Each structure stands twice: as structure tokens, then as C-alpha cells.
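To be precise, the following lines are protein_16.txt, and they hold compact mmCIF, C-alpha atoms.
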```txt
# COMPACT_ATOMS: atom_id res chain seq x y z
CA GLU C 8 55.97 47.10 141.25
CA PRO C 9 54.73 45.07 144.24
CA GLU C 10 57.36 43.00 146.03
CA VAL C 11 57.58 40.37 148.71
CA THR C 12 59.24 41.81 151.79
CA GLN C 13 60.95 39.97 154.63
CA THR C 14 62.18 40.92 158.09
CA PRO C 15 64.68 40.81 159.59
CA SER C 16 67.34 40.72 156.89
CA HIS C 17 69.78 39.08 159.30
CA GLN C 18 69.20 37.16 162.52
CA VAL C 19 71.77 35.67 164.86
CA THR C 20 70.55 33.32 167.56
CA GLN C 21 71.82 30.79 170.05
CA MET C 22 71.20 27.09 169.52
CA GLY C 23 67.95 26.05 171.18
CA GLN C 24 66.33 29.45 170.89
CA GLU C 25 63.12 30.14 169.02
CA VAL C 26 63.12 32.42 165.99
CA ILE C 27 60.30 33.92 163.96
CA LEU C 28 60.91 35.03 160.42
CA ARG C 29 58.40 37.41 158.92
CA CYS C 30 57.18 37.96 155.39
CA VAL C 31 54.67 40.21 153.69
CA PRO C 32 53.58 38.55 150.43
CA ILE C 33 52.40 40.51 147.42
CA SER C 34 48.95 41.77 148.33
CA ASN C 35 46.71 39.99 145.82
CA HIS C 36 48.60 36.70 145.91
CA LEU C 37 46.94 33.59 147.27
CA TYR C 38 49.74 31.05 147.70
CA PHE C 39 52.66 31.52 150.05
CA TYR C 40 55.85 29.53 150.43
CA TRP C 41 58.98 29.21 152.50
CA TYR C 42 62.27 27.98 151.07
CA ARG C 43 65.74 27.76 152.52
CA GLN C 44 69.20 27.80 150.96
CA ILE C 45 72.16 26.57 152.94
CA LEU C 46 75.35 28.34 151.86
CA GLY C 47 76.63 26.89 148.59
CA GLN C 48 73.67 24.56 148.15
CA LYS C 49 70.44 24.53 146.19
CA VAL C 50 67.23 26.29 147.10
CA GLU C 51 65.01 23.82 148.99
CA PHE C 52 61.25 23.93 149.41
CA LEU C 53 59.95 23.87 152.98
CA VAL C 54 56.22 24.52 152.96
CA SER C 55 53.34 26.01 151.01
CA PHE C 56 50.29 27.71 152.48
CA TYR C 57 46.90 28.43 150.98
CA ASN C 58 43.56 29.44 152.41
CA ASN C 59 45.00 29.62 155.92
CA GLU C 60 46.38 26.13 156.02
CA ILE C 61 49.44 24.17 154.97
CA SER C 62 49.05 22.74 151.46
CA GLU C 63 52.28 20.84 151.13
CA LYS C 64 55.44 20.39 153.17
CA SER C 65 58.79 18.78 152.53
CA GLU C 66 60.70 16.33 154.67
CA ILE C 67 62.73 19.23 156.01
CA PHE C 68 59.63 20.82 157.53
CA ASP C 69 59.45 18.76 160.70
CA ASP C 70 57.79 19.46 164.05
CA GLN C 71 60.35 22.16 164.81
CA PHE C 72 58.84 24.34 162.13
CA SER C 73 55.47 26.05 161.97
CA VAL C 74 53.86 28.68 159.77
CA GLU C 75 51.14 31.14 160.45
CA ARG C 76 49.26 33.95 158.80
CA PRO C 77 48.39 35.98 161.89
CA ASP C 78 46.64 38.76 159.98
CA GLY C 79 45.74 39.76 156.46
CA SER C 80 49.25 40.69 155.42
CA ASN C 81 51.94 38.83 157.36
CA PHE C 82 53.14 35.26 156.89
CA THR C 83 55.55 33.86 159.45
CA LEU C 84 57.92 30.91 159.81
CA LYS C 85 58.74 29.83 163.35
CA ILE C 86 61.61 27.55 164.27
CA ARG C 87 61.00 26.38 167.83
CA SER C 88 64.41 25.20 168.95
CA THR C 89 67.10 26.16 166.49
CA LYS C 90 69.97 23.85 165.61
CA LEU C 91 73.32 24.69 164.07
CA GLU C 92 72.18 23.12 160.81
CA ASP C 93 69.27 25.57 160.57
CA SER C 94 71.77 28.25 159.58
CA ALA C 95 70.72 29.27 156.07
CA MET C 96 69.02 31.92 153.97
CA TYR C 97 65.27 31.65 154.31
CA PHE C 98 63.19 32.92 151.42
CA CYS C 99 59.50 33.66 151.38
CA ALA C 100 57.68 33.53 148.06
CA SER C 101 54.17 34.16 146.86
CA SER C 102 52.14 33.25 143.81
CA PRO C 103 48.94 34.75 142.40
CA ASP C 104 47.47 31.60 140.94
CA SER C 105 47.18 27.88 141.20
CA TYR C 106 47.87 26.89 137.63
CA ARG C 107 50.97 28.73 136.47
CA GLN C 108 52.79 28.38 139.79
CA THR C 109 54.77 31.53 139.09
CA GLN C 110 56.47 32.35 142.37
CA TYR C 111 58.09 35.63 143.34
CA PHE C 112 60.73 35.61 146.02
CA GLY C 113 61.46 38.03 148.82
CA PRO C 114 64.99 39.23 149.63
CA GLY C 115 65.50 36.59 152.32
CA THR C 116 66.50 36.40 155.96
CA ARG C 117 70.01 35.18 156.73
CA LEU C 118 69.80 33.07 159.89
CA LEU C 119 72.94 32.20 161.79
CA VAL C 120 72.66 29.76 164.69
CA LEU C 121 75.61 29.76 167.09
CA GLN T 26 61.81 11.92 144.06
CA LYS T 27 61.70 15.06 141.96
CA GLU T 28 65.01 15.92 140.34
CA VAL T 29 66.23 18.90 138.37
CA GLU T 30 69.81 18.67 137.10
CA GLN T 31 72.08 21.45 135.92
CA ASN T 32 75.75 21.71 135.10
CA SER T 33 77.20 23.86 137.88
CA GLY T 34 79.80 25.48 135.60
CA PRO T 35 81.32 27.97 135.63
CA LEU T 36 80.26 28.76 132.09
CA SER T 37 82.37 31.54 130.64
CA VAL T 38 81.03 33.50 127.64
CA PRO T 39 82.47 36.59 125.93
CA GLU T 40 80.47 39.79 126.08
CA GLY T 41 78.04 40.05 123.18
CA ALA T 42 77.91 36.29 122.57
CA ILE T 43 75.04 33.89 123.22
CA ALA T 44 75.02 32.07 126.56
CA SER T 45 73.31 28.68 126.55
CA LEU T 46 72.17 27.14 129.83
CA ASN T 47 70.69 23.67 130.10
CA CYS T 48 68.58 21.71 132.56
CA THR T 49 67.08 18.21 132.66
CA TYR T 50 64.31 17.00 134.89
CA SER T 51 62.81 13.78 136.12
CA ASP T 52 59.36 12.74 134.99
CA ARG T 53 57.93 13.44 138.45
CA VAL T 54 58.40 17.17 137.94
CA SER T 55 55.43 18.92 136.43
CA GLN T 56 55.28 20.63 133.11
CA SER T 57 55.79 24.16 134.49
CA PHE T 58 59.37 25.36 134.36
CA PHE T 59 61.09 28.50 135.46
CA TRP T 60 64.44 30.19 135.13
CA TYR T 61 65.61 32.33 138.00
CA ARG T 62 68.71 34.49 138.21
CA GLN T 63 70.51 34.69 141.54
CA TYR T 64 73.30 37.11 142.28
CA SER T 65 75.64 36.17 145.11
CA GLY T 66 73.96 36.69 148.47
CA LYS T 67 70.65 37.69 146.90
CA SER T 68 67.30 36.02 146.34
CA PRO T 69 66.17 34.25 143.14
CA GLU T 70 64.74 36.65 140.57
CA LEU T 71 62.27 35.24 138.06
CA ILE T 72 63.42 35.64 134.46
CA MET T 73 61.30 33.29 132.40
CA SER T 74 58.53 30.75 132.70
CA ILE T 75 57.62 28.12 130.12
CA TYR T 76 54.77 25.66 130.12
CA SER T 77 54.52 24.11 126.65
CA ASN T 78 56.89 22.60 124.12
CA GLY T 79 58.86 24.98 121.97
CA ASP T 80 60.43 28.39 122.39
CA LYS T 81 59.37 31.42 124.38
CA GLU T 82 61.15 34.72 123.86
CA ASP T 83 61.30 37.74 126.14
CA GLY T 84 63.78 40.41 125.16
CA ARG T 85 67.27 38.94 125.12
CA PHE T 86 66.08 35.72 126.75
CA THR T 87 64.66 32.62 125.07
CA ALA T 88 63.48 29.60 127.00
CA GLN T 89 63.10 26.26 125.26
CA LEU T 90 61.18 23.24 126.49
CA ASN T 91 61.32 19.72 125.09
CA LYS T 92 59.04 17.46 127.10
CA ALA T 93 59.94 14.31 125.18
CA SER T 94 63.59 14.76 126.13
CA GLN T 95 62.75 16.23 129.58
CA TYR T 96 64.98 19.16 128.75
CA VAL T 97 64.74 22.88 129.40
CA SER T 98 67.18 25.52 128.21
CA LEU T 99 67.75 29.25 128.44
CA LEU T 100 69.52 31.30 125.79
CA ILE T 101 70.80 34.78 126.59
CA ARG T 102 71.60 36.82 123.49
CA ASP T 103 74.02 39.75 123.44
CA SER T 104 75.38 38.74 126.85
CA GLN T 105 76.32 41.61 129.15
CA PRO T 106 78.67 41.62 132.17
CA SER T 107 75.58 42.29 134.32
CA ASP T 108 74.27 38.86 133.24
CA SER T 109 77.04 37.26 135.29
CA ALA T 110 75.16 35.35 137.99
CA THR T 111 73.95 31.88 138.92
CA TYR T 112 70.98 30.72 136.86
CA LEU T 113 68.56 28.39 138.58
CA CYS T 114 66.26 26.04 136.73
CA ALA T 115 63.12 25.06 138.65
CA GLY T 116 60.20 22.77 138.01
CA GLY T 117 56.75 23.11 139.47
CA GLY T 118 54.98 20.26 141.18
CA SER T 119 52.27 18.20 139.60
CA GLY T 120 49.70 19.42 142.10
CA GLY T 121 49.36 22.96 140.88
CA GLY T 122 49.84 26.19 142.81
CA ALA T 123 50.23 24.59 146.20
CA ASP T 124 53.31 22.68 145.20
CA GLY T 125 56.76 23.90 145.92
CA LEU T 126 59.31 24.35 143.18
CA THR T 127 62.15 21.87 142.77
CA PHE T 128 65.37 23.71 142.01
CA GLY T 129 68.55 22.60 140.35
CA LYS T 130 71.89 23.53 141.87
CA GLY T 131 72.31 26.33 139.36
CA THR T 132 74.82 27.19 136.64
CA HIS T 133 77.34 29.89 137.41
CA LEU T 134 77.61 32.13 134.32
CA ILE T 135 80.52 34.50 133.81
CA ILE T 136 80.36 37.09 131.01
CA GLN T 137 83.85 38.20 130.10
CA PRO T 138 84.13 41.88 129.06
```
Would it be possible to restate this file's structure as C-alpha cells?
Amino acid sequence: EPEVTQTPSHQVTQMGQEVILRCVPISNHLYFYWYRQILGQKVEFLVSFYNNEISEKSEIFDDQFSVERPDGSNFTLKIRSTKLEDSAMYFCASSPDSYRQTQYFGPGTRLLVL
Amino acid sequence: QKEVEQNSGPLSVPEGAIASLNCTYSDRVSQSFFWYRQYSGKSPELIMSIYSNGDKEDGRFTAQLNKASQYVSLLIRDSQPSDSATYLCAGGGSGGGADGLTFGKGTHLIIQP
């Protein structure tokens, strides 16, 4: 069964450094998403992406964040200058359609900012 | 502001019994609802989706939606120890596929052998 994949599984970085989190959505899916989950808290929506552009973003997704689909398979989240509070699990998700909004999540990248 | 509310638990249920999980939502959340299961340290795994009033059954799971009461529930029949996890209720946005899901904090379910 097709799955969303994410790399790396864990990333440790120093405050102020740039990180890029990578995702490969399910191949025939059209909508892509990034979420984050701070330890012990709820899953929070960051951004959605469709047809090579951002469709919606939350208040969390400020100028420090950017997303890109550099080729036909990868979907990336870049954090330009990491802060301590960016430490979280970051999940990529994808959805095949626009109506049902059924989203399938990848295994996540655990980001630790020191 | 979209809101999805869940009782955080823990909810403790004996093995073989029915586990009942509940969720309420604000009227700004769309009419698409999802139940995800999340094991500790893992990603959310989709269990059920429901879009219209009434019940939807899939194996041991039944989702129920009551739009008038803004209430969604999940029943797990014949609960197994492997069902022990955090169950996340999520609502889709009103804008269709481009919208992110709004999650509740989750209910921690413990199935006692």
C-alpha cells in the first residue's frame, strides 16, 4: 500500500540554523500538507499546497517557513532560522481529492533545536 | 476560530468491552470529520472518516455524526489491548481539499487485559 515517506526521521540543529525537512507524498495525490506537534500538545496545521502553490497557511506559518515542490515527487518544508520553540514532530500529509479531504500522514521528522 | 474538543482521558476500558470516544466541534469546522489513532511517538493513522449524519461502520469501528448537536463519536467494539492509543478527532475546513484539518487534543484510551 502506498505511503507518505519523510526524511530525516530525526534532526538536531543549533538555534539560528536552517533546516529542510523532506517528504514524498503518495504518488497520485494532489494536495500536500505540513503539520507539527509539539510534545504533549495537539497536532497543528501549518500549510497546504496544491498545483505548485500554497493554498492555505496558519498563523504559525510565518516568514521563517517556506515550502517547495522541487520536482515531481518531493515536497519540502524549510525553516530559515530555527528557534528553540520550533522543536516538534513535523508531519507531512497528502490527500487524493478536494472534496473528502482524507489526509494520510507520513511517519514524521522529530526536530530538536538546541 | 475553529475548535475541536475532546476529553483527554485517560479512558480505561476492559478488554472485550465497547470503548466510546466523543468529540464536539465549533460551527466553523466543516462537515468532514476524521478519527485518527496515534501511538506514542508515532504519526496519526486514519481510522475512519464520516461526512453525513448517522452511523458509519468499518469492522470493529463505528463513527457517529450528529450535525445538529455538533457531535462526533467513535465506538470500538471488542476492544483489544492493541487499541490502547490516543484517538484524535479532526475536522476538515470549509474550503475543501486545500484546508488543513483542525485536531482535538486527543483521548488517551487504555484497554485493560
Ile33 (chain C) surroundings by all atoms listed in the file, 10 Å radius, close-in-sequence under 4 positions cut, as a ChimeraX atom specification: /C:8-12,37-39,80,100-103,111-113
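The list of residues with at least one atom within 10 Å of Met73 (chain T), based on all atoms listed in the file and without residues fewer than 5 positions apart in the same chain, reads C:Thr109, T:Phe58, T:Phe59, T:Trp60, T:Tyr61, T:Arg62, T:Lys81, T:Glu82, T:Asp83, T:Phe86, T:Thr87, T:Ala88, T:Leu99, T:Cys114.
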Which residue, C:Gly47, C:Ser55, C:Leu28, C:Thr14, has the smallest gap to Gln108 (chain C) when you use all atoms listed in the file?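 Checking each candidate against Gln108 (chain C), we get C:Ser55 as the closest.
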Give me, as JSON lines, each residue of chain C that comes within 9 Å of chain T, together with its shortest interatomic pair and the distance in Å at one decimal, counting all atoms listed in the file, with rows ordered by chain and rising residue number.
```
{"residue": "C:Tyr38", "atom": "CA", "partner": "T:Ala123", "partner_atom": "CA", "distance": 6.6}
{"residue": "C:Phe39", "atom": "CA", "partner": "T:Ala123", "partner_atom": "CA", "distance": 8.3}
{"residue": "C:Tyr40", "atom": "CA", "partner": "T:Gly125", "partner_atom": "CA", "distance": 7.3}
{"residue": "C:Trp41", "atom": "CA", "partner": "T:Gly125", "partner_atom": "CA", "distance": 8.7}
{"residue": "C:Tyr42", "atom": "CA", "partner": "T:Gly125", "partner_atom": "CA", "distance": 8.6}
{"residue": "C:Gly47", "atom": "CA", "partner": "T:Lys130", "partner_atom": "CA", "distance": 8.9}
{"residue": "C:Gln48", "atom": "CA", "partner": "T:Lys130", "partner_atom": "CA", "distance": 6.6}
{"residue": "C:Lys49", "atom": "CA", "partner": "T:Lys130", "partner_atom": "CA", "distance": 4.7}
{"residue": "C:Val50", "atom": "CA", "partner": "T:Phe128", "partner_atom": "CA", "distance": 6.0}
{"residue": "C:Glu51", "atom": "CA", "partner": "T:Phe128", "partner_atom": "CA", "distance": 7.0}
{"residue": "C:Phe52", "atom": "CA", "partner": "T:Gly125", "partner_atom": "CA", "distance": 5.7}
{"residue": "C:Leu53", "atom": "CA", "partner": "T:Gly125", "partner_atom": "CA", "distance": 7.7}
{"residue": "C:Val54", "atom": "CA", "partner": "T:Gly125", "partner_atom": "CA", "distance": 7.1}
{"residue": "C:Ser55", "atom": "CA", "partner": "T:Ala123", "partner_atom": "CA", "distance": 5.9}
{"residue": "C:Phe56", "atom": "CA", "partner": "T:Ala123", "partner_atom": "CA", "distance": 7.0}
{"residue": "C:Tyr57", "atom": "CA", "partner": "T:Ala123", "partner_atom": "CA", "distance": 7.0}
{"residue": "C:Ile61", "atom": "CA", "partner": "T:Ala123", "partner_atom": "CA", "distance": 8.8}
{"residue": "C:Ser62", "atom": "CA", "partner": "T:Ala123", "partner_atom": "CA", "distance": 5.7}
{"residue": "C:Glu63", "atom": "CA", "partner": "T:Asp124", "partner_atom": "CA", "distance": 6.3}
{"residue": "C:Lys64", "atom": "CA", "partner": "T:Gly125", "partner_atom": "CA", "distance": 8.2}
{"residue": "C:Ser65", "atom": "CA", "partner": "T:Gly125", "partner_atom": "CA", "distance": 8.6}
{"residue": "C:Met96", "atom": "CA", "partner": "T:Gly66", "partner_atom": "CA", "distance": 8.8}
{"residue": "C:Phe98", "atom": "CA", "partner": "T:Ser68", "partner_atom": "CA", "distance": 7.2}
{"residue": "C:Ser102", "atom": "CA", "partner": "T:Gly122", "partner_atom": "CA", "distance": 7.5}
{"residue": "C:Pro103", "atom": "CA", "partner": "T:Gly122", "partner_atom": "CA", "distance": 8.6}
{"residue": "C:Asp104", "atom": "CA", "partner": "T:Gly122", "partner_atom": "CA", "distance": 6.2}
{"residue": "C:Ser105", "atom": "CA", "partner": "T:Gly122", "partner_atom": "CA", "distance": 3.5}
{"residue": "C:Tyr106", "atom": "CA", "partner": "T:Gly121", "partner_atom": "CA", "distance": 5.3}
{"residue": "C:Arg107", "atom": "CA", "partner": "T:Gly122", "partner_atom": "CA", "distance": 6.9}
{"residue": "C:Gln108", "atom": "CA", "partner": "T:Gly122", "partner_atom": "CA", "distance": 4.8}
{"residue": "C:Thr109", "atom": "CA", "partner": "T:Ser74", "partner_atom": "CA", "distance": 7.5}
{"residue": "C:Gln110", "atom": "CA", "partner": "T:Leu71", "partner_atom": "CA", "distance": 7.8}
{"residue": "C:Tyr111", "atom": "CA", "partner": "T:Leu71", "partner_atom": "CA", "distance": 6.7}
{"residue": "C:Phe112", "atom": "CA", "partner": "T:Pro69", "partner_atom": "CA", "distance": 6.3}
{"residue": "C:Gly113", "atom": "CA", "partner": "T:Ser68", "partner_atom": "CA", "distance": 6.7}
{"residue": "C:Pro114", "atom": "CA", "partner": "T:Ser68", "partner_atom": "CA", "distance": 5.1}
{"residue": "C:Gly115", "atom": "CA", "partner": "T:Ser68", "partner_atom": "CA", "distance": 6.3}
```
Measure the distance from CA of Lys85 (chain C) to CA of Gln63 (chain T) in Å and round it to one decimal.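 Going from CA of Lys85 (chain C) over to CA of Gln63 (chain T) covers 25.3 Å.
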For Thr116 (chain C), which residue among C:Leu91, C:Thr83, C:Asn58, C:Phe68 is the nearest when counting only C-alpha atoms? C:Thr83
So which residues touch Cys48 (chain T) within 6 Å, counting only C-alpha atoms, skipping near sequence neighbours fewer than 5 positions away, as a VMD selection string? chain T and resid 30 to 31 96 to 98
Mind checking which residues fall within 10 Å of Val19 (chain C), counting only C-alpha atoms, ignoring those fewer than 6 positions away in the same chain, and posting them as a list of chain:residue names? C:Val26, C:Ser94, C:Arg117, C:Leu118, C:Leu119, C:Val120, C:Leu121
Distance of CA of Arg102 (chain T) from CA of Pro35 (chain T), expressed in Å to one decimal place: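 Separation of CA of Pro35 (chain T) and CA of Arg102 (chain T): 17.9 Å.
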Go ahead and compute the interatomic distance for CA of Gly34 (chain T) and CA of Asn78 (chain T), in Å to one decimal.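 If I compute the distance from CA of Gly34 (chain T) to CA of Asn78 (chain T), I get 25.8 Å.
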Taking all atoms listed in the file into account, name the residue in T:Asn47, T:Gln137, T:Thr132, T:Thr111 that is nearest to Asn91 (chain T).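 When distances to Asn91 (chain T) are compared using all atoms listed in the file, the smallest one comes from T:Asn47.
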Counting all atoms listed in the file, write as a PyMOL selection string all protein and nucleic acid residues lying at most 6 Å from (64.7, 13.9, 139.8) in the file's frame. chain T and resi 26-29+50-51
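With distances taken over all atoms listed in the file, C:Ser34 is the one residue among C:Ile45, C:Ser34, C:Pro15, C:Gly23 lying closest to Gly79 (chain C).
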Region 28-32 of chain C: axis-aligned bounding box, 3 Å on each side, centre and edge lengths in Å, one decimal, as JSON:
```
{"center_x": 57.2, "center_y": 37.6, "center_z": 155.4, "size_x": 13.3, "size_y": 11.2, "size_z": 16.0}
```
Counting only C-alpha atoms, figure out which residue out of T:Tyr64, T:Ala93, T:Ser107, T:Ile136 gets nearest to Ala42 (chain T).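 Between T:Tyr64, T:Ala93, T:Ser107, T:Ile136, the residue approaching Ala42 (chain T) most closely is T:Ile136.
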